[in-house]
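Note sheet for the following structure.
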Amino acid sequence: MLNIVNKSPAERSALDACLRIAAPGAILLIEDAVYAAVRGTTGAAKIAGALDRFKVYALLPDLEARAVADRVIDGVTTVDYGGFVDLVAEHNACQSWL
């Protein structure tokens, strides 16, 4: 399953809920959720701790829009919009965490 998170981990608990409840698989961070993939944030520690259970992706245009594309933690793969579409097509189901 592809789990899609779009809320900042500093403002909402969507990422925490996803990490706690979701079965191992893939997570795509979009919109403000990309802050969880940035070195030095509390979200980054959570993502780093989950890399053994999840393949984590972050949407590159959202990272660039927030001027943090150069600070993505190791283990997180960046994807463009085409990569986003490919991830959706590769997985049998998608779950948005709001």
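Residues in the structure tokens are named by chain (A, B, ... in the order shown) and by number from 1 within that chain; ligands are numbered from 1 in the order shown.
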So that I can check the surroundings of Val76 in chain A, please list as a PDB file with N, CA and C atoms, in the first residue's frame every protein, DNA and RNA residue that reaches within 8 Å of it, counting only C-alpha atoms and ignoring chain neighbours fewer than 6 positions away.
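Full text of selection-v4.pdb as output:
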```pdb
ATOM      1  N   ALA A  37      11.073  14.992   6.076  1.00  0.00           N
ATOM      2  CA  ALA A  37      12.239  14.405   5.416  1.00  0.00           C
ATOM      3  C   ALA A  37      13.467  15.296   5.490  1.00  0.00           C
ATOM      4  N   LYS A  55       9.482   2.155   2.704  1.00  0.00           N
ATOM      5  CA  LYS A  55      10.238   2.863   1.674  1.00  0.00           C
ATOM      6  C   LYS A  55       9.624   4.260   1.649  1.00  0.00           C
ATOM      7  N   VAL A  56      10.432   5.281   1.880  1.00  0.00           N
ATOM      8  CA  VAL A  56       9.903   6.643   2.020  1.00  0.00           C
ATOM      9  C   VAL A  56      10.313   7.492   0.822  1.00  0.00           C
ATOM     10  N   TYR A  57       9.333   8.197   0.283  1.00  0.00           N
ATOM     11  CA  TYR A  57       9.517   9.094  -0.847  1.00  0.00           C
ATOM     12  C   TYR A  57       9.058  10.493  -0.437  1.00  0.00           C
ATOM     13  N   ALA A  58       9.656  11.513  -1.037  1.00  0.00           N
ATOM     14  CA  ALA A  58       9.220  12.892  -0.834  1.00  0.00           C
ATOM     15  C   ALA A  58       9.092  13.553  -2.199  1.00  0.00           C
TER      16      ALA A  58
END
```
Mind dumping a table of every range 13-45 of chain A residue within 12 Å of range 64-75 of chain A, with the nearest atom pair and its distance in Å to one decimal, using only C-alpha atoms, sorted by chain and rising number, as a tab-separated table?
```
residue	atom	partner	partner_atom	distance
A:Leu29	CA	A:Val72	CA	11.7
A:Ile30	CA	A:Ala65	CA	11.2
A:Glu31	CA	A:Arg66	CA	9.1
A:Asp32	CA	A:Arg66	CA	8.4
A:Ala33	CA	A:Arg66	CA	10.9
A:Val34	CA	A:Val68	CA	8.8
A:Tyr35	CA	A:Val68	CA	7.9
A:Ala36	CA	A:Val72	CA	8.9
A:Ala37	CA	A:Val72	CA	5.4
A:Val38	CA	A:Val72	CA	4.7
A:Arg39	CA	A:Ile73	CA	5.3
A:Gly40	CA	A:Arg71	CA	8.8
A:Thr41	CA	A:Ile73	CA	10.0
A:Thr42	CA	A:Ile73	CA	12.0
A:Gly43	CA	A:Ile73	CA	10.6
A:Ala44	CA	A:Ile73	CA	7.1
A:Ala45	CA	A:Ile73	CA	9.4
```
Would you output that residue set with N, CA and C atoms, as a PDB file, in the first residue's frame?
```pdb
ATOM      1  N   LEU A  29       5.580  11.519   1.058  1.00  0.00           N
ATOM      2  CA  LEU A  29       5.391  12.791   1.739  1.00  0.00           C
ATOM      3  C   LEU A  29       5.172  13.869   0.689  1.00  0.00           C
ATOM      4  N   ILE A  30       4.063  14.603   0.810  1.00  0.00           N
ATOM      5  CA  ILE A  30       3.755  15.682  -0.122  1.00  0.00           C
ATOM      6  C   ILE A  30       3.378  16.930   0.668  1.00  0.00           C
ATOM      7  N   GLU A  31       3.279  18.051  -0.024  1.00  0.00           N
ATOM      8  CA  GLU A  31       2.895  19.323   0.579  1.00  0.00           C
ATOM      9  C   GLU A  31       3.750  19.579   1.826  1.00  0.00           C
ATOM     10  N   ASP A  32       3.159  20.006   2.945  1.00  0.00           N
ATOM     11  CA  ASP A  32       3.948  20.329   4.141  1.00  0.00           C
ATOM     12  C   ASP A  32       4.526  19.110   4.849  1.00  0.00           C
ATOM     13  N   ALA A  33       4.079  17.918   4.502  1.00  0.00           N
ATOM     14  CA  ALA A  33       4.643  16.707   5.109  1.00  0.00           C
ATOM     15  C   ALA A  33       6.095  16.502   4.711  1.00  0.00           C
ATOM     16  N   VAL A  34       6.549  17.143   3.624  1.00  0.00           N
ATOM     17  CA  VAL A  34       7.948  16.970   3.218  1.00  0.00           C
ATOM     18  C   VAL A  34       8.919  17.468   4.284  1.00  0.00           C
ATOM     19  N   TYR A  35       8.467  18.322   5.184  1.00  0.00           N
ATOM     20  CA  TYR A  35       9.342  18.774   6.275  1.00  0.00           C
ATOM     21  C   TYR A  35       9.833  17.601   7.128  1.00  0.00           C
ATOM     22  N   ALA A  36       9.095  16.507   7.154  1.00  0.00           N
ATOM     23  CA  ALA A  36       9.514  15.322   7.914  1.00  0.00           C
ATOM     24  C   ALA A  36      10.744  14.662   7.315  1.00  0.00           C
ATOM     25  N   ALA A  37      11.073  14.992   6.076  1.00  0.00           N
ATOM     26  CA  ALA A  37      12.239  14.405   5.416  1.00  0.00           C
ATOM     27  C   ALA A  37      13.467  15.296   5.490  1.00  0.00           C
ATOM     28  N   VAL A  38      13.368  16.389   6.230  1.00  0.00           N
ATOM     29  CA  VAL A  38      14.454  17.378   6.293  1.00  0.00           C
ATOM     30  C   VAL A  38      15.321  17.156   7.526  1.00  0.00           C
ATOM     31  N   ARG A  39      16.623  17.091   7.296  1.00  0.00           N
ATOM     32  CA  ARG A  39      17.582  16.924   8.396  1.00  0.00           C
ATOM     33  C   ARG A  39      17.353  17.962   9.491  1.00  0.00           C
ATOM     34  N   GLY A  40      17.451  17.508  10.728  1.00  0.00           N
ATOM     35  CA  GLY A  40      17.369  18.400  11.871  1.00  0.00           C
ATOM     36  C   GLY A  40      15.979  18.654  12.403  1.00  0.00           C
ATOM     37  N   THR A  41      14.975  18.037  11.826  1.00  0.00           N
ATOM     38  CA  THR A  41      13.615  18.228  12.322  1.00  0.00           C
ATOM     39  C   THR A  41      13.185  17.022  13.158  1.00  0.00           C
ATOM     40  N   THR A  42      12.185  17.206  13.991  1.00  0.00           N
ATOM     41  CA  THR A  42      11.679  16.074  14.781  1.00  0.00           C
ATOM     42  C   THR A  42      11.060  15.019  13.873  1.00  0.00           C
ATOM     43  N   GLY A  43      10.476  15.460  12.781  1.00  0.00           N
ATOM     44  CA  GLY A  43       9.910  14.509  11.822  1.00  0.00           C
ATOM     45  C   GLY A  43      10.970  13.628  11.198  1.00  0.00           C
ATOM     46  N   ALA A  44      12.148  14.201  10.974  1.00  0.00           N
ATOM     47  CA  ALA A  44      13.242  13.433  10.363  1.00  0.00           C
ATOM     48  C   ALA A  44      13.638  12.258  11.240  1.00  0.00           C
ATOM     49  N   ALA A  45      13.652  12.452  12.536  1.00  0.00           N
ATOM     50  CA  ALA A  45      13.988  11.360  13.452  1.00  0.00           C
ATOM     51  C   ALA A  45      12.947  10.243  13.352  1.00  0.00           C
TER      52      ALA A  45
END
```
*List every residue of range 38-82 of chain A that DSSP, applied to the backbone, labels as strand (DSSP E), and write the result as a ChimeraX atom specification.*
/A:54-59,76-79
_I need the residue nearest Ser96 in chain A from this list: A:Ala10, A:Ala23, A:Ile47, A:Cys18. Use only C-alpha atoms for the distance._
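Nearest candidate to Ser96 in chain A out of A:Ala10, A:Ala23, A:Ile47, A:Cys18: A:Cys18.
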*asked:* Please extract the residues of chain A with a backbone DSSP assignment of alpha helix (DSSP H) and present them as a ChimeraX atom specification.
replied: /A:14-21,42-50,60-65,81-90
*Mind giving me the straight-line distance from CA of Lys7 in chain A to CA of Ala50 in chain A in Å, one decimal?*
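Atom-to-atom, CA of Lys7 in chain A to CA of Ala50 in chain A, that is 17.5 Å.
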*May I ask which of the residues A:Asp62, A:Arg12, A:Leu87, A:Leu51 is the closest one to Leu28 in chain A, counting only C-alpha atoms?*
A:Leu87
_Counting only C-alpha atoms, the option among A:Lys46, A:Leu2, A:Val88, A:Ala93 closest to Asp16 in chain A_ = A:Lys46
*CA of His91 in chain A to CA of Leu15 in chain A: how many Å, to one decimal?*
19.3 Å
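From CA of Arg20 in chain A back to CA of Ala48 in chain A, the distance works out to 14.1 Å.
If only C-alpha atoms are the atoms counted, then among A:Asp86, A:Trp97, A:Leu63, A:Val79 the closest residue to Val5 in chain A is A:Trp97.
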